[in-house]
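Asks: Have a peek at query01.csv (CSV, C-alpha atoms).
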```
chain,number,residue,atom,x,y,z
B,1,MET,CA,-14.1,18.2,-17.7
B,2,GLY,CA,-11.3,15.7,-18.3
B,3,ILE,CA,-12.5,13.8,-15.1
B,4,PHE,CA,-15.8,12.8,-16.6
B,5,GLY,CA,-16.6,9.7,-18.6
B,6,SER,CA,-18.9,9.5,-21.6
B,7,SER,CA,-22.0,9.0,-19.4
B,8,GLN,CA,-21.1,12.1,-17.3
B,9,ARG,CA,-20.4,14.2,-20.4
B,10,SER,CA,-23.8,13.2,-21.8
B,11,ALA,CA,-25.5,14.1,-18.6
B,12,LEU,CA,-23.8,17.5,-18.6
B,13,LYS,CA,-24.8,18.1,-22.2
B,14,THR,CA,-28.4,17.3,-21.2
B,15,TYR,CA,-28.0,19.7,-18.2
B,16,ASN,CA,-26.9,22.5,-20.5
B,17,SER,CA,-29.7,21.8,-22.9
B,18,ARG,CA,-32.3,21.9,-20.2
B,19,THR,CA,-30.9,25.0,-18.7
B,20,GLN,CA,-31.6,26.7,-22.1
B,21,VAL,CA,-35.2,25.4,-21.9
B,22,ILE,CA,-35.6,26.9,-18.4
B,23,THR,CA,-34.3,30.2,-19.6
B,24,PHE,CA,-36.8,30.2,-22.5
B,25,LEU,CA,-39.7,29.3,-20.1
B,26,ASP,CA,-38.7,32.0,-17.7
B,27,GLN,CA,-39.1,34.5,-20.6
B,28,GLU,CA,-42.1,33.1,-22.3
B,29,VAL,CA,-44.3,31.6,-19.6
B,30,PRO,CA,-45.7,34.1,-17.1
B,31,THR,CA,-46.5,32.4,-13.8
B,32,THR,CA,-49.6,34.6,-13.3
B,33,ASN,CA,-51.3,33.3,-16.4
B,34,PRO,CA,-53.9,30.6,-15.4
B,35,GLU,CA,-53.9,29.1,-18.8
B,36,LYS,CA,-50.2,28.3,-18.5
B,37,GLN,CA,-50.2,26.5,-15.1
B,38,ASP,CA,-49.4,23.2,-16.7
B,39,GLU,CA,-46.3,24.7,-18.4
B,40,VAL,CA,-45.3,26.3,-15.1
B,41,THR,CA,-45.6,22.9,-13.3
B,42,MET,CA,-43.5,21.3,-16.0
B,43,LYS,CA,-40.9,24.0,-15.6
B,44,GLU,CA,-40.7,23.5,-11.9
B,45,ARG,CA,-40.2,19.7,-12.4
B,46,GLU,CA,-37.5,20.4,-14.9
B,47,MET,CA,-35.8,22.8,-12.5
B,48,SER,CA,-36.0,20.1,-9.7
B,49,LEU,CA,-34.4,17.5,-12.0
B,50,LEU,CA,-31.7,19.9,-13.1
B,51,ARG,CA,-30.8,20.6,-9.5
B,52,GLN,CA,-30.5,16.9,-8.8
B,53,LEU,CA,-28.3,16.5,-11.9
B,54,GLU,CA,-26.1,19.3,-10.8
B,55,ALA,CA,-25.7,17.8,-7.3
B,56,ARG,CA,-24.8,14.5,-8.9
B,57,LEU,CA,-22.2,16.1,-11.1
B,58,GLU,CA,-20.6,17.9,-8.2
B,59,LYS,CA,-20.5,14.6,-6.2
B,60,LEU,CA,-18.7,13.0,-9.2
B,61,GLU,CA,-16.1,15.7,-9.1
B,62,ARG,CA,-15.6,15.3,-5.3
B,63,ASP,CA,-15.4,11.5,-5.6
B,64,SER,CA,-12.8,11.8,-8.3
B,65,GLU,CA,-10.6,14.1,-6.3
B,66,ALA,CA,-11.0,11.8,-3.2
B,67,LYS,CA,-10.0,8.8,-5.3
B,68,GLY,CA,-6.8,10.5,-6.4
B,69,ARG,CA,-5.9,11.3,-2.8
B,70,SER,CA,-6.7,7.7,-1.6
B,71,GLN,CA,-4.1,6.0,-3.7
B,72,VAL,CA,-1.3,5.8,-1.2
B,73,ALA,CA,1.7,3.4,-0.9
B,74,PHE,CA,5.4,3.8,0.0
B,75,SER,CA,8.5,1.7,0.5
B,76,ALA,CA,12.0,2.8,1.2
B,77,SER,CA,15.4,1.3,2.2
B,78,LEU,CA,17.7,2.8,4.7
B,79,VAL,CA,20.7,3.6,2.4
B,80,THR,CA,21.2,4.3,-1.3
B,81,VAL,CA,24.5,2.5,-1.8
B,82,GLU,CA,25.1,-1.3,-2.0
B,83,GLN,CA,28.1,-1.3,0.4
B,84,TRP,CA,27.4,-2.7,3.9
B,85,THR,CA,26.5,0.5,5.9
B,86,HIS,CA,26.0,0.7,9.6
B,87,HIS,CA,24.2,3.5,11.5
B,88,GLY,CA,24.7,4.1,15.2
B,89,PRO,CA,25.1,3.8,18.0
B,90,PHE,CA,23.7,7.2,18.9
B,91,ASP,CA,23.5,8.9,22.3
B,92,THR,CA,19.9,10.0,21.9
B,93,PRO,CA,16.8,8.6,20.2
B,94,THR,CA,17.2,9.0,16.5
B,95,THR,CA,14.7,9.1,13.7
B,96,LEU,CA,15.9,6.9,10.9
B,97,LYS,CA,15.8,8.4,7.4
B,98,PHE,CA,15.1,5.7,4.8
B,99,LYS,CA,16.6,7.4,1.8
B,100,LYS,CA,16.3,4.9,-1.1
B,101,VAL,CA,12.7,5.3,-2.2
B,102,THR,CA,11.3,2.5,-4.3
B,103,THR,CA,7.6,3.4,-4.2
B,104,ASN,CA,5.9,6.7,-3.2
B,105,VAL,CA,2.4,6.8,-4.6
B,106,GLY,CA,0.8,10.0,-3.3
B,107,ASN,CA,4.2,11.5,-2.3
B,108,ALA,CA,3.3,11.1,1.4
B,109,TYR,CA,6.7,9.8,2.4
B,110,ASP,CA,9.6,12.3,2.8
B,111,PRO,CA,13.1,10.6,2.6
B,112,SER,CA,14.8,13.8,3.8
B,113,THR,CA,13.1,13.5,7.2
B,114,GLY,CA,12.1,9.8,7.3
B,115,ILE,CA,8.5,10.8,8.0
B,116,PHE,CA,5.3,9.5,6.4
B,117,THR,CA,2.3,11.9,6.6
B,118,ALA,CA,-1.1,10.4,6.1
B,119,PRO,CA,-2.8,12.4,3.2
B,120,VAL,CA,-6.3,11.0,4.1
B,121,LYS,CA,-8.0,9.4,7.1
B,122,GLY,CA,-8.1,5.7,6.7
B,123,ILE,CA,-6.8,2.2,7.7
B,124,TYR,CA,-3.1,1.8,6.7
B,125,TYR,CA,-0.9,-1.2,6.9
B,126,ILE,CA,2.6,-0.3,8.0
B,127,ARG,CA,5.7,-2.5,8.2
B,128,PHE,CA,9.3,-2.0,9.4
B,129,THR,CA,12.2,-4.5,9.0
B,130,GLY,CA,15.7,-3.9,10.4
B,131,CYS,CA,19.0,-5.7,10.4
B,132,VAL,CA,21.3,-5.6,13.5
B,133,GLY,CA,24.4,-3.4,13.1
B,134,ASN,CA,27.9,-3.8,14.5
B,135,SER,CA,26.8,-3.2,18.1
B,136,GLY,CA,25.0,-6.5,18.1
B,137,ASP,CA,21.7,-4.9,19.4
B,138,LEU,CA,18.8,-3.4,17.6
B,139,ASN,CA,15.8,-1.8,19.4
B,140,ALA,CA,13.7,0.5,17.2
B,141,ALA,CA,10.0,1.5,17.2
B,142,LEU,CA,7.4,2.8,14.8
B,143,MET,CA,6.3,6.2,16.2
B,144,LYS,CA,2.9,7.8,15.5
B,145,ASN,CA,2.9,11.4,16.4
B,146,ASN,CA,5.7,10.6,19.0
B,147,GLU,CA,3.6,7.6,20.4
B,148,ASN,CA,5.3,4.2,20.3
B,149,MET,CA,3.0,1.9,18.2
B,150,PHE,CA,5.2,-1.2,17.8
B,151,ALA,CA,8.8,-2.2,17.8
B,152,ILE,CA,11.5,-4.7,16.8
B,153,TYR,CA,14.1,-5.9,19.3
B,154,ASP,CA,17.0,-8.2,18.5
B,155,THR,CA,20.1,-8.9,20.6
B,156,ARG,CA,21.4,-12.0,18.7
B,157,GLY,CA,24.4,-10.1,17.3
B,158,THR,CA,25.5,-8.5,14.1
B,159,HIS,CA,23.5,-9.4,10.9
B,160,GLY,CA,20.5,-10.6,12.9
B,161,SER,CA,17.2,-9.1,11.9
B,162,GLY,CA,13.7,-8.3,13.1
B,163,SER,CA,10.4,-7.3,11.4
B,164,ASN,CA,7.0,-6.1,12.6
B,165,GLY,CA,3.9,-4.6,11.2
B,166,MET,CA,0.2,-3.8,11.9
B,167,PRO,CA,-2.8,-2.0,10.5
B,168,LEU,CA,-3.3,1.5,12.0
B,169,ILE,CA,-6.2,4.0,11.8
B,170,LEU,CA,-4.6,7.3,10.9
B,171,GLU,CA,-6.2,10.7,10.7
B,172,GLU,CA,-5.3,13.1,7.9
B,173,GLY,CA,-2.0,14.7,8.9
B,174,ASP,CA,-0.8,12.0,11.3
B,175,GLN,CA,2.9,11.3,11.0
B,176,LEU,CA,4.8,8.0,11.2
B,177,SER,CA,8.5,7.5,11.6
B,178,ILE,CA,11.0,4.9,12.9
B,179,THR,CA,13.0,5.8,16.0
B,180,MET,CA,16.1,3.9,17.0
B,181,TRP,CA,16.9,4.0,20.7
B,182,PRO,CA,20.4,5.0,22.1
B,183,GLY,CA,23.1,2.4,22.1
B,184,ASN,CA,21.7,0.5,19.2
B,185,THR,CA,22.8,0.0,15.5
B,186,ILE,CA,21.2,-0.9,12.2
B,187,PHE,CA,22.7,-1.8,8.9
B,188,ASP,CA,21.6,-1.9,5.3
B,189,GLN,CA,22.8,-2.2,1.7
B,190,THR,CA,19.7,-0.9,-0.1
B,191,ARG,CA,17.5,-4.0,0.4
B,192,LEU,CA,17.6,-5.3,4.0
B,193,SER,CA,16.3,-2.5,6.3
B,194,THR,CA,13.0,-1.1,5.0
B,195,PHE,CA,10.1,1.0,6.0
B,196,SER,CA,6.8,0.6,4.0
B,197,GLY,CA,3.1,1.0,4.1
B,198,PHE,CA,-0.1,1.5,2.1
B,199,LEU,CA,-3.7,2.6,2.5
B,200,LEU,CA,-6.1,-0.3,2.9
B,201,ASN,CA,-9.3,1.8,3.0
B,202,SER,CA,-10.1,5.5,3.3
B,203,MET,CA,-12.7,6.5,6.0
```
For the file at hand, write its structure as structure tokens.

Replies:
Amino acid sequence: MGIFGSSQRSALKTYNSRTQVITFLDQEVPTTNPEKQDEVTMKEREMSLLRQLEARLEKLERDSEAKGRSQVAFSASLVTVEQWTHHGPFDTPTTLKFKKVTTNVGNAYDPSTGIFTAPVKGIYYIRFTGCVGNSGDLNAALMKNNENMFAIYDTRGTHGSGSNGMPLILEEGDQLSITMWPGNTIFDQTRLSTFSGFLLNSM
């Protein structure tokens, strides 16, 4: 019962008390006795109120559980060391693993895979920032279930950077990750190349 506030605990206490009243009435007031019809009617009203109260308490429990799951935010940097670190170029499309996790409310981001998995359906804001590595080119995209949603593209040379972001409607279980295309490079030193997002509103 730790999820209930004082008002809910009071309501539950009333619920338990009234349940005892109903039990007593079931034993002491026969429904076939014409002289006790008023008491029977009162008992039926009490039972209706108790059913409504029980439904409200169950809704409070469901809402509390949903609120806990709807607190979602994450942010991570590409590398965990402060030395200038370059990744790539690779011969195939590569999922980037942002390993230095700064925020992971809800534990929906997995640094071992670089994948964020939406725990609830809702509107999320997602952002990706990348710094160009020693190849001089950076072309990378945010992928949603292997679909390209948005990208950054920078060919100005090493140490250039690009950033992009947008709100996305995600279903529970949808997966997001950053893919860097072949021949490109990215660099970081724990602060420059980042992947982040948060839940704006559950649906």

Asks: Kindly indicate which residue among B:Thr113, B:Thr41, B:Ser177, B:Thr102 lies nearest to Asn146 (chain B), using only C-alpha atoms for the distances.

Replies: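 Selected residue with least distance to Asn146 (chain B): B:Ser177.
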
Asks: I'd like the neighbourhood of region 118-130 of chain B as JSON, numbers by chain, where a residue qualifies if any of its atoms comes within 9 Å (using all atoms listed in the file), though same-chain residues fewer than 3 positions away should be ignored.

Replies: {"B": [66, 69, 70, 72, 106, 107, 108, 109, 138, 140, 141, 142, 151, 152, 160, 161, 162, 163, 164, 165, 166, 167, 168, 169, 170, 171, 172, 173, 174, 175, 176, 178, 186, 187, 188, 192, 193, 194, 195, 196, 197, 198, 199, 200, 201, 202, 203]}

Asks: For CA of Arg156 (chain B) and CA of Gly183 (chain B), quote the distance in Å rounded to one decimal.

Replies: 14.9 Å

Asks: Provide the CA of Gly133 (chain B) to CA of Gln189 (chain B) distance in Å, to one decimal place.

Replies: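 CA of Gln189 (chain B) lies at a distance of 11.6 Å from CA of Gly133 (chain B).
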
Asks: Out of B:Leu78, B:Pro89, B:Leu49, B:Gly114, which residue has the shortest atom-to-atom distance to Gly136 (chain B) when counting only C-alpha atoms?

Replies: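 When distances to Gly136 (chain B) are compared using only C-alpha atoms, the smallest one comes from B:Pro89.
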
Asks: Need a file for region 128-164 of chain B from that block: N, CA, C and O atoms, written as an mmCIF file, in the first residue's frame.

Replies:
```cif
data_model
loop_
_atom_site.group_PDB
_atom_site.id
_atom_site.type_symbol
_atom_site.label_atom_id
_atom_site.label_comp_id
_atom_site.auth_asym_id
_atom_site.auth_seq_id
_atom_site.Cartn_x
_atom_site.Cartn_y
_atom_site.Cartn_z
ATOM 1 N N PHE B 128 20.805 14.015 -31.763
ATOM 2 C CA PHE B 128 22.110 13.418 -32.014
ATOM 3 C C PHE B 128 23.069 14.506 -32.481
ATOM 4 O O PHE B 128 22.752 15.295 -33.371
ATOM 5 N N THR B 129 24.243 14.557 -31.852
ATOM 6 C CA THR B 129 25.302 15.491 -32.240
ATOM 7 C C THR B 129 26.573 14.692 -32.495
ATOM 8 O O THR B 129 26.936 13.825 -31.698
ATOM 9 N N GLY B 130 27.244 14.987 -33.617
ATOM 10 C CA GLY B 130 28.471 14.268 -33.944
ATOM 11 C C GLY B 130 29.552 15.194 -34.447
ATOM 12 O O GLY B 130 29.270 16.163 -35.159
ATOM 13 N N CYS B 131 30.801 14.903 -34.084
ATOM 14 C CA CYS B 131 31.967 15.660 -34.548
ATOM 15 C C CYS B 131 32.731 14.836 -35.582
ATOM 16 O O CYS B 131 32.950 13.636 -35.403
ATOM 17 N N VAL B 132 33.151 15.510 -36.653
ATOM 18 C CA VAL B 132 33.793 14.833 -37.777
ATOM 19 C C VAL B 132 35.160 14.291 -37.360
ATOM 20 O O VAL B 132 35.971 14.999 -36.761
ATOM 21 N N GLY B 133 35.412 13.025 -37.698
ATOM 22 C CA GLY B 133 36.681 12.391 -37.387
ATOM 23 C C GLY B 133 37.744 12.657 -38.430
ATOM 24 O O GLY B 133 37.611 13.553 -39.287
ATOM 25 N N ASN B 134 38.832 11.863 -38.386
ATOM 26 C CA ASN B 134 40.009 12.161 -39.195
ATOM 27 C C ASN B 134 39.840 11.873 -40.686
ATOM 28 O O ASN B 134 40.721 12.208 -41.475
ATOM 29 N N SER B 135 38.718 11.311 -41.121
ATOM 30 C CA SER B 135 38.474 11.143 -42.558
ATOM 31 C C SER B 135 38.016 12.452 -43.191
ATOM 32 O O SER B 135 38.069 12.607 -44.416
ATOM 33 N N GLY B 136 37.537 13.375 -42.353
ATOM 34 C CA GLY B 136 37.023 14.648 -42.864
ATOM 35 C C GLY B 136 35.567 14.621 -43.261
ATOM 36 O O GLY B 136 35.004 15.653 -43.643
ATOM 37 N N ASP B 137 34.908 13.470 -43.143
ATOM 38 C CA ASP B 137 33.497 13.337 -43.521
ATOM 39 C C ASP B 137 32.726 12.620 -42.408
ATOM 40 O O ASP B 137 33.217 11.648 -41.830
ATOM 41 N N LEU B 138 31.509 13.109 -42.169
ATOM 42 C CA LEU B 138 30.629 12.429 -41.225
ATOM 43 C C LEU B 138 29.218 12.411 -41.800
ATOM 44 O O LEU B 138 28.623 13.463 -42.078
ATOM 45 N N ASN B 139 28.698 11.223 -41.981
ATOM 46 C CA ASN B 139 27.329 11.020 -42.446
ATOM 47 C C ASN B 139 26.735 9.916 -41.585
ATOM 48 O O ASN B 139 27.143 8.759 -41.674
ATOM 49 N N ALA B 140 25.794 10.287 -40.727
ATOM 50 C CA ALA B 140 25.203 9.319 -39.792
ATOM 51 C C ALA B 140 23.723 9.640 -39.618
ATOM 52 O O ALA B 140 23.293 10.786 -39.804
ATOM 53 N N ALA B 141 22.950 8.627 -39.262
ATOM 54 C CA ALA B 141 21.497 8.785 -39.207
ATOM 55 C C ALA B 141 20.912 8.167 -37.948
ATOM 56 O O ALA B 141 21.427 7.182 -37.419
ATOM 57 N N LEU B 142 19.809 8.752 -37.508
ATOM 58 C CA LEU B 142 19.010 8.135 -36.451
ATOM 59 C C LEU B 142 18.085 7.117 -37.100
ATOM 60 O O LEU B 142 17.293 7.467 -37.982
ATOM 61 N N MET B 143 18.191 5.875 -36.663
ATOM 62 C CA MET B 143 17.368 4.799 -37.210
ATOM 63 C C MET B 143 16.298 4.398 -36.205
ATOM 64 O O MET B 143 16.581 4.184 -35.023
ATOM 65 N N LYS B 144 15.077 4.287 -36.692
ATOM 66 C CA LYS B 144 13.961 3.776 -35.890
ATOM 67 C C LYS B 144 13.530 2.448 -36.495
ATOM 68 O O LYS B 144 12.995 2.413 -37.605
ATOM 69 N N ASN B 145 13.803 1.375 -35.790
ATOM 70 C CA ASN B 145 13.481 0.042 -36.318
ATOM 71 C C ASN B 145 14.017 -0.124 -37.747
ATOM 72 O O ASN B 145 13.311 -0.597 -38.646
ATOM 73 N N ASN B 146 15.275 0.311 -37.951
ATOM 74 C CA ASN B 146 15.965 0.210 -39.245
ATOM 75 C C ASN B 146 15.436 1.174 -40.300
ATOM 76 O O ASN B 146 15.803 1.064 -41.480
ATOM 77 N N GLU B 147 14.604 2.142 -39.913
ATOM 78 C CA GLU B 147 14.135 3.179 -40.843
ATOM 79 C C GLU B 147 14.859 4.486 -40.535
ATOM 80 O O GLU B 147 14.922 4.926 -39.388
ATOM 81 N N ASN B 148 15.403 5.135 -41.572
ATOM 82 C CA ASN B 148 16.138 6.391 -41.421
ATOM 83 C C ASN B 148 15.156 7.522 -41.121
ATOM 84 O O ASN B 148 14.306 7.862 -41.945
ATOM 85 N N MET B 149 15.300 8.137 -39.927
ATOM 86 C CA MET B 149 14.383 9.198 -39.512
ATOM 87 C C MET B 149 14.969 10.594 -39.732
ATOM 88 O O MET B 149 14.279 11.497 -40.181
ATOM 89 N N PHE B 150 16.238 10.791 -39.402
ATOM 90 C CA PHE B 150 16.921 12.049 -39.712
ATOM 91 C C PHE B 150 18.425 11.803 -39.649
ATOM 92 O O PHE B 150 18.875 10.756 -39.180
ATOM 93 N N ALA B 151 19.205 12.768 -40.150
ATOM 94 C CA ALA B 151 20.639 12.528 -40.276
ATOM 95 C C ALA B 151 21.431 13.809 -40.044
ATOM 96 O O ALA B 151 20.869 14.914 -40.027
ATOM 97 N N ILE B 152 22.743 13.641 -39.863
ATOM 98 C CA ILE B 152 23.680 14.761 -39.910
ATOM 99 C C ILE B 152 24.702 14.446 -41.001
ATOM 100 O O ILE B 152 25.063 13.287 -41.216
ATOM 101 N N TYR B 153 25.142 15.502 -41.691
ATOM 102 C CA TYR B 153 26.069 15.327 -42.807
ATOM 103 C C TYR B 153 27.022 16.514 -42.816
ATOM 104 O O TYR B 153 26.595 17.671 -42.919
ATOM 105 N N ASP B 154 28.315 16.239 -42.686
ATOM 106 C CA ASP B 154 29.315 17.309 -42.616
ATOM 107 C C ASP B 154 30.574 16.863 -43.339
ATOM 108 O O ASP B 154 31.144 15.823 -43.024
ATOM 109 N N THR B 155 31.005 17.653 -44.329
ATOM 110 C CA THR B 155 32.218 17.324 -45.099
ATOM 111 C C THR B 155 33.237 18.465 -45.027
ATOM 112 O O THR B 155 34.090 18.594 -45.905
ATOM 113 N N ARG B 156 33.173 19.279 -43.962
ATOM 114 C CA ARG B 156 34.068 20.437 -43.858
ATOM 115 C C ARG B 156 35.453 20.068 -43.352
ATOM 116 O O ARG B 156 36.335 20.912 -43.285
ATOM 117 N N GLY B 157 35.652 18.820 -42.973
ATOM 118 C CA GLY B 157 36.958 18.411 -42.495
ATOM 119 C C GLY B 157 36.944 18.048 -41.025
ATOM 120 O O GLY B 157 35.950 18.234 -40.311
ATOM 121 N N THR B 158 38.072 17.520 -40.569
ATOM 122 C CA THR B 158 38.199 17.069 -39.181
ATOM 123 C C THR B 158 37.863 18.187 -38.207
ATOM 124 O O THR B 158 38.253 19.341 -38.396
ATOM 125 N N HIS B 159 37.116 17.797 -37.145
ATOM 126 C CA HIS B 159 36.689 18.659 -36.043
ATOM 127 C C HIS B 159 35.488 19.529 -36.392
ATOM 128 O O HIS B 159 35.062 20.332 -35.563
ATOM 129 N N GLY B 160 34.936 19.362 -37.605
ATOM 130 C CA GLY B 160 33.628 19.960 -37.850
ATOM 131 C C GLY B 160 32.580 19.198 -37.055
ATOM 132 O O GLY B 160 32.845 18.149 -36.468
ATOM 133 N N SER B 161 31.370 19.708 -37.036
ATOM 134 C CA SER B 161 30.326 19.015 -36.267
ATOM 135 C C SER B 161 28.954 19.290 -36.865
ATOM 136 O O SER B 161 28.744 20.279 -37.574
ATOM 137 N N GLY B 162 28.040 18.410 -36.554
ATOM 138 C CA GLY B 162 26.661 18.568 -36.979
ATOM 139 C C GLY B 162 25.719 18.077 -35.892
ATOM 140 O O GLY B 162 26.101 17.265 -35.041
ATOM 141 N N SER B 163 24.490 18.578 -35.901
ATOM 142 C CA SER B 163 23.510 18.190 -34.889
ATOM 143 C C SER B 163 22.122 18.241 -35.497
ATOM 144 O O SER B 163 21.833 19.082 -36.353
ATOM 145 N N ASN B 164 21.267 17.330 -35.065
ATOM 146 C CA ASN B 164 19.903 17.292 -35.564
ATOM 147 C C ASN B 164 19.018 16.626 -34.518
ATOM 148 O O ASN B 164 19.490 15.841 -33.687
#
```
